[in-house]
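Asks: Got structure.cif for you, mmCIF, C-alpha atoms:
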```cif
data_data
#
loop_
_atom_site.label_atom_id
_atom_site.label_comp_id
_atom_site.auth_asym_id
_atom_site.auth_seq_id
_atom_site.Cartn_x
_atom_site.Cartn_y
_atom_site.Cartn_z
CA MET A 107 -55.10 -3.72 40.73
CA PRO A 108 -54.88 -5.55 37.40
CA GLY A 109 -54.42 -3.30 34.39
CA THR A 110 -57.38 -5.07 32.84
CA ARG A 111 -59.67 -3.79 35.62
CA THR A 112 -59.23 -0.04 35.48
CA ASP A 113 -62.98 0.16 36.14
CA TRP A 114 -62.07 -0.58 39.78
CA LEU A 115 -60.37 2.80 40.19
CA PRO A 116 -63.41 4.41 41.87
CA LYS A 117 -63.17 1.76 44.62
CA ALA A 118 -59.61 2.78 45.39
CA ARG A 119 -60.59 6.43 45.44
CA ALA A 120 -63.54 5.76 47.76
CA ALA A 121 -61.29 3.76 50.11
CA GLY A 122 -58.95 6.72 50.56
CA ALA A 123 -55.85 5.31 48.87
CA ASP A 124 -53.04 7.80 48.30
CA ALA A 125 -51.99 5.96 45.15
CA VAL A 126 -53.07 3.10 42.92
CA ILE A 127 -50.70 0.65 41.26
CA LEU A 128 -52.10 -0.53 37.92
CA ASP A 129 -50.43 -3.86 37.19
CA LEU A 130 -49.16 -4.95 33.78
CA GLU A 131 -47.09 -7.82 35.18
CA ASP A 132 -48.07 -10.83 37.30
CA ALA A 133 -51.74 -9.91 37.79
CA VAL A 134 -52.34 -9.98 34.02
CA PRO A 135 -52.29 -13.21 31.98
CA GLU A 136 -50.14 -13.23 28.87
CA ASP A 137 -53.10 -13.03 26.50
CA GLY A 138 -54.44 -9.99 28.37
CA LYS A 139 -51.28 -7.85 28.43
CA ALA A 140 -52.01 -5.94 25.21
CA SER A 141 -55.49 -5.01 26.45
CA ALA A 142 -54.11 -4.06 29.88
CA LEU A 143 -51.51 -1.76 28.33
CA GLU A 144 -54.17 -0.06 26.22
CA GLN A 145 -56.47 0.44 29.20
CA VAL A 146 -53.74 1.77 31.47
CA ALA A 147 -52.42 4.20 28.85
CA HIS A 148 -55.97 5.46 28.31
CA VAL A 149 -56.50 6.03 32.05
CA ILE A 150 -53.27 8.01 32.39
CA GLU A 151 -54.11 10.15 29.37
CA ARG A 152 -57.73 10.70 30.42
CA ILE A 153 -57.18 11.57 34.07
CA GLY A 154 -54.35 13.98 33.33
CA PRO A 155 -51.47 15.50 35.27
CA GLU A 156 -53.45 16.35 38.38
CA THR A 157 -53.10 12.73 39.52
CA ALA A 158 -49.37 13.13 40.03
CA ASP A 159 -49.80 15.37 43.08
CA ARG A 160 -53.44 14.47 43.90
CA THR A 161 -54.55 18.11 43.58
CA ALA A 162 -57.98 17.06 42.33
CA GLY A 163 -58.54 14.34 44.91
CA HIS A 164 -57.52 11.49 42.63
CA PRO A 165 -55.15 8.83 43.90
CA ALA A 166 -51.79 9.14 42.22
CA ILE A 167 -51.38 6.59 39.42
CA LEU A 168 -48.40 4.25 39.37
CA VAL A 169 -47.87 1.35 36.97
CA ARG A 170 -46.11 -1.91 37.63
CA ILE A 171 -44.44 -2.70 34.33
CA ASN A 172 -42.97 -5.95 33.07
CA PRO A 173 -39.22 -6.43 33.55
CA LEU A 174 -37.19 -4.15 31.28
CA ASP A 175 -35.43 -6.94 29.41
CA GLY A 176 -35.99 -5.94 25.79
CA TRP A 177 -37.44 -3.48 23.32
CA THR A 178 -40.98 -4.72 23.92
CA ALA A 179 -40.74 -3.65 27.55
CA ALA A 180 -39.20 -0.33 26.51
CA GLU A 181 -42.12 0.33 24.16
CA GLU A 182 -44.48 -0.51 27.02
CA LEU A 183 -42.78 2.19 29.06
CA ARG A 184 -43.13 4.73 26.25
CA ALA A 185 -46.84 3.95 25.97
CA ILE A 186 -47.64 4.82 29.57
CA VAL A 187 -45.32 7.72 30.40
CA GLY A 188 -47.10 11.05 30.40
CA PRO A 189 -48.01 13.98 32.65
CA GLY A 190 -50.64 11.90 34.48
CA LEU A 191 -48.21 9.18 35.56
CA ALA A 192 -46.81 9.55 39.07
CA GLY A 193 -44.46 6.58 39.13
CA ILE A 194 -43.24 3.27 37.80
CA VAL A 195 -43.12 0.12 39.94
CA LEU A 196 -40.16 -1.95 38.77
CA PRO A 197 -40.48 -5.70 39.41
CA LYS A 198 -37.88 -8.45 39.78
CA VAL A 199 -35.10 -6.06 40.79
CA ASP A 200 -31.87 -7.97 41.37
CA GLY A 201 -29.58 -5.05 42.13
CA ALA A 202 -28.68 -1.42 41.50
CA HIS A 203 -27.97 -2.14 37.83
CA ASP A 204 -31.69 -2.83 37.26
CA VAL A 205 -32.60 0.52 38.81
CA ARG A 206 -30.12 2.38 36.61
CA HIS A 207 -31.36 0.43 33.59
CA ALA A 208 -34.89 1.74 34.26
CA ASP A 209 -33.79 5.28 35.10
CA ARG A 210 -32.27 5.94 31.65
CA PRO A 211 -35.34 5.16 29.48
CA LEU A 212 -37.54 7.00 31.97
CA SER A 213 -35.41 10.11 31.45
CA TRP A 214 -35.75 9.73 27.67
CA CYS A 215 -39.54 9.38 27.97
CA GLU A 216 -39.74 12.43 30.22
CA ARG A 217 -37.87 14.50 27.63
CA GLU A 218 -40.26 13.25 24.93
CA HIS A 219 -43.19 14.60 26.93
CA GLY A 220 -41.53 17.83 28.05
CA LEU A 221 -41.42 16.68 31.68
CA PRO A 222 -38.62 17.57 34.11
CA THR A 223 -36.03 14.86 34.55
CA GLY A 224 -36.86 12.83 37.64
CA ARG A 225 -40.52 13.87 37.64
CA ILE A 226 -41.70 10.23 37.50
CA ALA A 227 -40.95 8.30 40.68
CA LEU A 228 -39.41 4.85 40.63
CA VAL A 229 -40.46 2.10 43.02
CA PRO A 230 -38.06 -0.87 42.86
CA LEU A 231 -39.45 -4.15 44.15
CA LEU A 232 -36.64 -6.00 45.89
CA GLU A 233 -37.63 -9.56 45.08
CA THR A 234 -34.33 -11.45 45.28
CA ALA A 235 -31.96 -12.11 48.15
CA ARG A 236 -29.25 -10.16 46.34
CA ALA A 237 -31.46 -7.09 45.93
CA LEU A 238 -32.53 -7.22 49.58
CA ARG A 239 -28.89 -7.44 50.65
CA ASP A 240 -28.06 -4.48 48.39
CA ALA A 241 -31.05 -2.33 49.37
CA TYR A 242 -28.84 0.71 50.04
CA ALA A 243 -27.28 0.51 46.57
CA CYS A 244 -30.71 0.04 44.97
CA ALA A 245 -32.11 3.06 46.81
CA SER A 246 -29.06 5.15 45.87
CA ALA A 247 -28.93 4.12 42.21
CA ALA A 248 -31.21 6.90 40.95
CA GLY A 249 -32.53 10.13 42.40
CA ARG A 250 -36.06 9.24 41.33
CA VAL A 251 -36.27 6.27 43.75
CA ALA A 252 -38.98 7.45 46.14
CA TYR A 253 -40.62 4.41 47.69
CA LEU A 254 -38.74 1.32 48.78
CA GLY A 255 -39.00 -1.44 51.32
CA ALA A 256 -38.93 -5.16 51.95
CA ILE A 257 -42.18 -6.60 50.68
CA THR A 258 -42.55 -9.64 52.92
CA GLY A 259 -45.99 -11.13 52.38
CA ALA A 260 -46.89 -14.79 52.50
CA GLY A 261 -45.68 -16.77 49.49
CA GLY A 262 -44.37 -15.04 46.40
CA ASP A 263 -40.89 -14.14 45.23
CA VAL A 264 -39.38 -12.87 48.48
CA GLU A 265 -40.42 -15.81 50.63
CA ARG A 266 -39.06 -18.17 47.98
CA ALA A 267 -35.81 -16.21 47.68
CA VAL A 268 -35.10 -15.88 51.40
CA GLY A 269 -36.66 -19.14 52.55
CA TYR A 270 -38.55 -17.87 55.60
CA ARG A 271 -41.90 -19.31 56.67
CA TRP A 272 -44.44 -16.54 56.97
CA SER A 273 -46.44 -16.09 60.17
CA PRO A 274 -49.05 -13.47 61.12
CA GLY A 275 -46.78 -12.10 63.85
CA GLY A 276 -44.03 -11.31 61.36
CA THR A 277 -41.17 -12.36 63.64
CA GLU A 278 -39.42 -14.16 60.79
CA THR A 279 -39.21 -10.96 58.69
CA HIS A 280 -38.76 -8.39 61.47
CA ALA A 281 -34.96 -8.24 61.09
CA LEU A 282 -35.21 -8.13 57.29
CA ARG A 283 -37.71 -5.27 57.32
CA SER A 284 -35.61 -3.38 59.88
CA ARG A 285 -32.37 -3.71 57.94
CA VAL A 286 -33.87 -2.73 54.60
CA LEU A 287 -35.59 0.22 56.28
CA LEU A 288 -32.26 1.43 57.64
CA ASP A 289 -30.69 1.11 54.18
CA VAL A 290 -33.52 3.09 52.61
CA ARG A 291 -33.26 5.84 55.22
CA ALA A 292 -29.46 5.99 54.90
CA ALA A 293 -29.79 6.32 51.12
CA GLY A 294 -32.18 9.24 51.50
CA ALA A 295 -35.16 7.69 49.71
CA PRO A 296 -38.07 9.67 51.16
CA HIS A 297 -40.79 7.05 51.60
CA PRO A 298 -39.89 3.65 53.07
CA VAL A 299 -42.99 1.49 52.67
CA ALA A 300 -43.86 -1.96 53.97
CA GLY A 301 -46.20 -4.72 52.89
CA LEU A 302 -47.92 -6.86 52.00
CA TRP A 303 -50.74 -8.25 54.14
CA THR A 304 -52.32 -10.94 51.98
CA ARG A 305 -55.12 -12.12 54.28
CA VAL A 306 -57.91 -10.08 52.75
CA GLY A 307 -60.49 -10.57 55.52
CA ASP A 308 -58.15 -10.42 58.52
CA LEU A 309 -58.26 -6.71 59.34
CA ASP A 310 -57.19 -7.21 62.96
CA GLY A 311 -54.05 -8.98 61.80
CA LEU A 312 -53.45 -6.23 59.27
CA ARG A 313 -53.71 -3.57 61.98
CA LEU A 314 -51.15 -5.33 64.18
CA PHE A 315 -48.76 -5.77 61.24
CA ALA A 316 -49.20 -2.11 60.21
CA GLU A 317 -48.58 -0.93 63.78
CA GLN A 318 -45.40 -2.99 63.86
CA ASN A 319 -44.21 -1.43 60.61
CA ARG A 320 -45.02 2.07 61.75
CA ALA A 321 -43.14 1.48 65.01
CA LEU A 322 -40.09 0.39 63.00
CA GLY A 323 -40.15 3.65 61.02
CA HIS A 324 -42.01 2.94 57.79
CA THR A 325 -44.20 5.73 56.43
CA GLY A 326 -46.86 3.57 54.81
CA MET A 327 -47.80 0.22 53.34
CA MET A 328 -48.92 -1.26 50.07
CA ALA A 329 -52.41 -2.76 50.12
CA ILE A 330 -53.98 -5.50 48.02
CA HIS A 331 -57.64 -4.74 48.76
CA PRO A 332 -59.73 -1.57 49.26
CA SER A 333 -60.83 -2.76 52.71
CA HIS A 334 -57.20 -2.57 53.86
CA VAL A 335 -56.76 1.11 53.01
CA PRO A 336 -58.73 2.68 55.92
CA VAL A 337 -56.90 0.47 58.42
CA ILE A 338 -53.48 1.41 57.02
CA ASN A 339 -54.40 5.10 56.86
CA ALA A 340 -55.57 5.06 60.48
CA VAL A 341 -52.34 3.43 61.68
CA PHE A 342 -49.91 5.62 59.75
CA SER A 343 -51.73 8.94 60.24
CA PRO A 344 -51.29 10.61 63.64
CA GLY A 345 -54.52 11.25 65.48
CA PRO A 346 -55.65 14.61 66.90
CA ASP A 347 -54.29 13.79 70.36
CA GLU A 348 -50.85 12.89 68.96
CA LEU A 349 -50.68 16.09 66.92
CA ALA A 350 -51.87 18.19 69.85
CA ARG A 351 -49.17 16.71 72.07
CA ALA A 352 -46.55 17.44 69.40
CA ALA A 353 -47.69 21.06 69.24
CA ARG A 354 -47.50 21.36 73.04
CA LEU A 355 -44.02 19.85 73.06
CA VAL A 356 -42.77 22.33 70.45
CA ALA A 357 -44.27 25.21 72.39
CA ALA A 358 -42.71 24.04 75.66
CA VAL A 359 -39.23 23.63 74.14
CA GLU A 360 -39.40 26.99 72.35
CA ASP A 361 -40.56 28.65 75.57
CA GLY A 362 -37.61 27.12 77.40
CA GLN A 363 -35.22 28.23 74.69
CA GLY A 364 -36.57 31.76 75.07
CA ARG A 365 -35.62 31.57 78.75
CA GLY A 366 -32.17 30.21 77.94
CA ALA A 367 -32.92 26.57 78.81
CA GLY A 368 -31.64 23.89 76.45
CA ALA A 369 -33.96 21.22 77.85
CA VAL A 370 -37.27 21.34 79.68
CA THR A 371 -39.52 18.98 81.58
CA PHE A 372 -42.55 18.29 79.42
CA GLU A 373 -45.44 16.24 80.80
CA GLY A 374 -43.10 14.27 83.03
CA GLU A 375 -40.37 13.72 80.43
CA MET A 376 -37.23 15.54 79.34
CA ALA A 377 -37.57 17.35 76.01
CA ASP A 378 -35.02 19.31 74.01
CA GLU A 379 -34.49 20.58 70.47
CA ALA A 380 -34.06 17.08 69.03
CA MET A 381 -37.52 16.08 70.26
CA ALA A 382 -38.96 19.38 69.09
CA ALA A 383 -37.51 18.87 65.61
CA THR A 384 -39.19 15.45 65.39
CA ALA A 385 -42.50 16.94 66.56
CA ARG A 386 -42.24 19.81 64.06
CA LEU A 387 -41.66 17.35 61.21
CA SER A 388 -44.80 15.40 62.11
CA LEU A 389 -46.83 18.59 62.34
CA GLU A 390 -45.49 19.92 59.03
CA GLN A 391 -46.18 16.64 57.23
CA HIS A 392 -49.76 16.73 58.36
CA ALA A 393 -50.33 20.46 57.84
CA ALA A 394 -50.79 21.13 61.54
CA TYR A 395 -47.92 23.53 62.13
CA PRO A 396 -47.78 27.09 60.82
CA ALA A 397 -45.09 27.67 58.23
CA PRO A 398 -42.63 30.50 58.96
CA PRO A 399 -43.40 33.74 57.16
CA SER A 400 -41.77 34.04 53.75
CA ALA A 401 -38.90 36.45 53.40
#
```
Translate the structure described by the file into structure tokens.
Replies:
Amino acid sequence: MPGTRTDWLPKARAAGADAVILDLEDAVPEDGKASALEQVAHVIERIGPETADRTAGHPAILVRINPLDGWTAAEELRAIVGPGLAGIVLPKVDGAHDVRHADRPLSWCEREHGLPTGRIALVPLLETARALRDAYACASAAGRVAYLGAITGAGGDVERAVGYRWSPGGTETHALRSRVLLDVRAAGAPHPVAGLWTRVGDLDGLRLFAEQNRALGHTGMMAIHPSHVPVINAVFSPGPDELARAARLVAAVEDGQGRGAGAVTFEGEMADEAMAATARLSLEQHAAYPAPPSA
């Protein structure tokens, strides 16, 4: 949401968003940037550090800054870094050098505030053909890169850079999203995210696009409107039946292992430790699997 409209934060919270990106870049006109910076800095200071891990039910706060191309942008960064900031969204990334360029001042700002190095996540927006081609290098350029993906909405920087013609079915970006996703996974960035769906009122189209992204392997999506958040959450969160099946699969494999069997027949399909490991991960991520007792 625009940094000039921080009064919209309760809407994002009510919608169930995991995080909110307060924008200081394209969503703010030039004559409003000073006011936006002041408002965003105030929000981060007022809400406090609990937003970073959502312990108090607040969405985590991220800020999309202006490109780091001078001291003015560096001062902008210093104004917003603090314990309540979860991450920085870096626009107009053209390659790994831009990620490293952002990582250094972030480390300086963290030291100024007594924060651990790497505490503030970095979200590079791959908005040029070169950056998309070098997604692995961008994801590997700094340990703080946490969320990354090919943002392939209608219009905007990526469509202009690549030259595709957007369609609701997403066939023209399917290969691009898949390849960038693989790069992000190979680099070890923990949260590959997809987006955007720009048709605000088309929730059925959004659901189909989100289901496609989840099937590819993304863990979430960026949203441009509060009405999109429940749809995205429903698609990317496993339902009770899915979690129950995962728990049954783990139990069946572990029972078989106890009897010396490496693989078992589970509900008409073969299952072994690889499938059980995938099921355990889903259960652990959604707090549905008991943790082993501490030593």
Asks: Can you spell out as JSON, numbers by chain the set of residues that the PyMOL selection byres ((chain A and resi 379-394) around 6) selects in the structure I just provided?
Replies: {"A": [352, 356, 377, 378, 395]}
Asks: Those residues with C-alpha atoms, as an mmCIF file, in the coordinates of the input please?
Replies:
```
data_model
loop_
_atom_site.group_PDB
_atom_site.id
_atom_site.type_symbol
_atom_site.label_atom_id
_atom_site.label_comp_id
_atom_site.auth_asym_id
_atom_site.auth_seq_id
_atom_site.Cartn_x
_atom_site.Cartn_y
_atom_site.Cartn_z
ATOM 1 C CA ALA A 352 -46.550 17.440 69.400
ATOM 2 C CA VAL A 356 -42.770 22.330 70.450
ATOM 3 C CA ALA A 377 -37.570 17.350 76.010
ATOM 4 C CA ASP A 378 -35.020 19.310 74.010
ATOM 5 C CA TYR A 395 -47.920 23.530 62.130
#
```
Asks: Applied to this file, what does the PyMOL selection byres ((chain A and resi 169-184) around 8) return in terms of residues, put as a PyMOL selection string?
Replies: chain A and resi 127-131+143+167-168+185-187+191+193-198+207-208+211-212+215
Asks: Pull the closest atom pair for each residue of stretch 123-219 of chain A that gets at most 10 Å from stretch 327-343 of chain A, along with the distance in Å to one decimal, counting all atoms listed in the file, ordering rows by chain and then ascending residue number, as a tab-separated table.
Replies:
```
residue	atom	partner	partner_atom	distance
A:Ala123	CA	A:Val335	CA	6.0
A:Asp124	CA	A:Val335	CA	9.0
A:Ala125	CA	A:Met328	CA	9.3
A:Val126	CA	A:Ala329	CA	9.3
A:Ile127	CA	A:Met328	CA	9.2
```
Asks: Quote the spacing between atom CA of A:Ala267 and atom CA of A:Phe315 in Å to one decimal place.
Replies: 21.5 Å
Asks: Can you list, as a ChimeraX atom specification, every protein, DNA or RNA residue that comes within 8 Å of stretch 290-297 of chain A when you count all atoms listed in the file, leaving out same-chain residues fewer than 5 positions away?
Replies: /A:241-243,245-246,251-255,324-326
Asks: Any chance you could export the current selection's C-alpha atoms as a short mmCIF file (atom, residue, chain, number, x, y, z; two decimals), keeping the file's coordinate frame?
Replies:
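New file result38.cif:
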```cif
data_model
loop_
_atom_site.label_atom_id
_atom_site.label_comp_id
_atom_site.auth_asym_id
_atom_site.auth_seq_id
_atom_site.Cartn_x
_atom_site.Cartn_y
_atom_site.Cartn_z
CA ALA A 241 -31.05 -2.33 49.37
CA TYR A 242 -28.84 0.71 50.04
CA ALA A 243 -27.28 0.51 46.57
CA ALA A 245 -32.11 3.06 46.81
CA SER A 246 -29.06 5.15 45.87
CA VAL A 251 -36.27 6.27 43.75
CA ALA A 252 -38.98 7.45 46.14
CA TYR A 253 -40.62 4.41 47.69
CA LEU A 254 -38.74 1.32 48.78
CA GLY A 255 -39.00 -1.44 51.32
CA HIS A 324 -42.01 2.94 57.79
CA THR A 325 -44.20 5.73 56.43
CA GLY A 326 -46.86 3.57 54.81
#
```
Asks: Just say which residues the PyMOL selection byres ((chain A and resi 213) around 10) picks in this file, as a PyMOL selection string.
Replies: chain A and resi 208-212+214-218+221-226+250
Asks: Nearest to A:Ala369 among A:Gln318, A:Trp303, A:Thr112, A:Leu355, with distances taken over all atoms listed in the file: which residue is it?
Replies: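 Under the stated criterion, the closest residue is A:Leu355.
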Asks: Find the residues around A:Leu232 up to 10 Å (all atoms listed in the file counted), leave out those fewer than 4 positions away in its own chain, and share them as a PyMOL selection string.
Replies: chain A and resi 196-201+236-241+244+254-258+263-264+286
Asks: Extract, using all atoms listed in the file, all DNA, RNA and protein residues at most 8 Å from A:Val268, discarding same-chain residues fewer than 3 positions from it, and format them as a list in words.
Replies: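 Counting only the stated atoms, we get Thr234, Ala235, Val264 and Glu265 of chain A.
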Asks: For atom CA of A:Arg285 and atom CA of A:Pro344, quote the distance in Å rounded to one decimal.
Replies: 24.4 Å
Asks: In terms of the shortest atom-to-atom distance over all atoms listed in the file, which of A:Arg365, A:His203, A:His148, A:His280 is closest to A:Gly259?
Replies: A:His280
Asks: Grab the atom CA of A:Asp361 to atom CA of A:Pro346 distance for me, in Å with one decimal place.
Replies: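 Between atom CA of A:Asp361 and atom CA of A:Pro346 the gap is 22.4 Å.
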Asks: Point out the residue among A:Leu302, A:Val146, A:Val359, A:Val134 with the least atom-to-atom distance to A:Gly261, counting all atoms listed in the file.
Replies: A:Leu302
Asks: Just checking: using all atoms listed in the file, which residue out of A:Ala281, A:Ala358, A:Ala133, A:Ala120 ends up closest to A:Val370?
Replies: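 Checking each of A:Ala281, A:Ala358, A:Ala133, A:Ala120 against A:Val370, counting all atoms listed in the file, the winner is A:Ala358.
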Asks: How about completing stretch 190-200 of chain A with all heavy atoms and giving it to me as a PDB file, in the frame of the given file?
Replies:
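Writing done, so here's part09.pdb:
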```
ATOM      1  N   GLY A 190     -49.770  12.457  33.454  1.00  0.00           N
ATOM      2  CA  GLY A 190     -50.640  11.900  34.480  1.00  0.00           C
ATOM      3  C   GLY A 190     -50.050  10.741  35.249  1.00  0.00           C
ATOM      4  O   GLY A 190     -50.682  10.244  36.180  1.00  0.00           O
ATOM      5  N   LEU A 191     -48.846  10.314  34.890  1.00  0.00           N
ATOM      6  CA  LEU A 191     -48.210   9.180  35.560  1.00  0.00           C
ATOM      7  C   LEU A 191     -47.349   9.671  36.712  1.00  0.00           C
ATOM      8  O   LEU A 191     -46.457  10.495  36.527  1.00  0.00           O
ATOM      9  CB  LEU A 191     -47.357   8.396  34.559  1.00  0.00           C
ATOM     10  CG  LEU A 191     -46.634   7.173  35.127  1.00  0.00           C
ATOM     11  CD1 LEU A 191     -47.619   6.090  35.536  1.00  0.00           C
ATOM     12  CD2 LEU A 191     -45.632   6.620  34.101  1.00  0.00           C
ATOM     13  N   ALA A 192     -47.591   9.140  37.904  1.00  0.00           N
ATOM     14  CA  ALA A 192     -46.810   9.550  39.070  1.00  0.00           C
ATOM     15  C   ALA A 192     -45.561   8.699  39.257  1.00  0.00           C
ATOM     16  O   ALA A 192     -44.554   9.189  39.768  1.00  0.00           O
ATOM     17  CB  ALA A 192     -47.659   9.487  40.333  1.00  0.00           C
ATOM     18  N   GLY A 193     -45.625   7.425  38.874  1.00  0.00           N
ATOM     19  CA  GLY A 193     -44.460   6.580  39.130  1.00  0.00           C
ATOM     20  C   GLY A 193     -44.538   5.246  38.438  1.00  0.00           C
ATOM     21  O   GLY A 193     -45.600   4.807  37.980  1.00  0.00           O
ATOM     22  N   ILE A 194     -43.389   4.595  38.373  1.00  0.00           N
ATOM     23  CA  ILE A 194     -43.240   3.270  37.800  1.00  0.00           C
ATOM     24  C   ILE A 194     -42.822   2.306  38.917  1.00  0.00           C
ATOM     25  O   ILE A 194     -41.885   2.593  39.670  1.00  0.00           O
ATOM     26  CB  ILE A 194     -42.183   3.253  36.682  1.00  0.00           C
ATOM     27  CG1 ILE A 194     -42.677   4.023  35.456  1.00  0.00           C
ATOM     28  CG2 ILE A 194     -41.789   1.835  36.303  1.00  0.00           C
ATOM     29  CD1 ILE A 194     -43.840   3.371  34.743  1.00  0.00           C
ATOM     30  N   VAL A 195     -43.505   1.189  39.016  1.00  0.00           N
ATOM     31  CA  VAL A 195     -43.120   0.120  39.940  1.00  0.00           C
ATOM     32  C   VAL A 195     -42.327  -0.900  39.132  1.00  0.00           C
ATOM     33  O   VAL A 195     -42.833  -1.468  38.164  1.00  0.00           O
ATOM     34  CB  VAL A 195     -44.348  -0.524  40.594  1.00  0.00           C
ATOM     35  CG1 VAL A 195     -43.925  -1.652  41.532  1.00  0.00           C
ATOM     36  CG2 VAL A 195     -45.145   0.529  41.355  1.00  0.00           C
ATOM     37  N   LEU A 196     -41.087  -1.105  39.532  1.00  0.00           N
ATOM     38  CA  LEU A 196     -40.160  -1.950  38.770  1.00  0.00           C
ATOM     39  C   LEU A 196     -40.045  -3.313  39.437  1.00  0.00           C
ATOM     40  O   LEU A 196     -39.514  -3.420  40.544  1.00  0.00           O
ATOM     41  CB  LEU A 196     -38.789  -1.268  38.704  1.00  0.00           C
ATOM     42  CG  LEU A 196     -37.718  -1.952  37.868  1.00  0.00           C
ATOM     43  CD1 LEU A 196     -38.110  -1.947  36.390  1.00  0.00           C
ATOM     44  CD2 LEU A 196     -36.365  -1.250  38.056  1.00  0.00           C
ATOM     45  N   PRO A 197     -40.512  -4.384  38.784  1.00  0.00           N
ATOM     46  CA  PRO A 197     -40.480  -5.700  39.410  1.00  0.00           C
ATOM     47  C   PRO A 197     -39.151  -6.425  39.193  1.00  0.00           C
ATOM     48  O   PRO A 197     -38.314  -6.013  38.385  1.00  0.00           O
ATOM     49  CB  PRO A 197     -41.608  -6.439  38.676  1.00  0.00           C
ATOM     50  CG  PRO A 197     -41.545  -5.874  37.289  1.00  0.00           C
ATOM     51  CD  PRO A 197     -41.172  -4.407  37.469  1.00  0.00           C
ATOM     52  N   LYS A 198     -38.994  -7.504  39.961  1.00  0.00           N
ATOM     53  CA  LYS A 198     -37.880  -8.450  39.780  1.00  0.00           C
ATOM     54  C   LYS A 198     -36.521  -7.760  39.829  1.00  0.00           C
ATOM     55  O   LYS A 198     -35.593  -8.122  39.103  1.00  0.00           O
ATOM     56  CB  LYS A 198     -38.038  -9.195  38.456  1.00  0.00           C
ATOM     57  CG  LYS A 198     -39.388  -9.878  38.260  1.00  0.00           C
ATOM     58  CD  LYS A 198     -39.622 -11.002  39.261  1.00  0.00           C
ATOM     59  CE  LYS A 198     -40.860 -11.833  38.918  1.00  0.00           C
ATOM     60  NZ  LYS A 198     -42.139 -11.129  39.208  1.00  0.00           N
ATOM     61  N   VAL A 199     -36.386  -6.750  40.681  1.00  0.00           N
ATOM     62  CA  VAL A 199     -35.100  -6.060  40.790  1.00  0.00           C
ATOM     63  C   VAL A 199     -34.093  -6.992  41.454  1.00  0.00           C
ATOM     64  O   VAL A 199     -34.360  -7.601  42.494  1.00  0.00           O
ATOM     65  CB  VAL A 199     -35.264  -4.760  41.612  1.00  0.00           C
ATOM     66  CG1 VAL A 199     -33.907  -4.168  41.969  1.00  0.00           C
ATOM     67  CG2 VAL A 199     -36.103  -3.761  40.829  1.00  0.00           C
ATOM     68  N   ASP A 200     -32.914  -7.092  40.842  1.00  0.00           N
ATOM     69  CA  ASP A 200     -31.870  -7.970  41.370  1.00  0.00           C
ATOM     70  C   ASP A 200     -30.660  -7.181  41.863  1.00  0.00           C
ATOM     71  O   ASP A 200     -29.717  -7.765  42.387  1.00  0.00           O
ATOM     72  CB  ASP A 200     -31.427  -8.958  40.280  1.00  0.00           C
ATOM     73  CG  ASP A 200     -30.594 -10.099  40.839  1.00  0.00           C
ATOM     74  OD1 ASP A 200     -30.960 -10.634  41.899  1.00  0.00           O
ATOM     75  OD2 ASP A 200     -29.567 -10.439  40.221  1.00  0.00           O
TER      76      ASP A 200
END
```
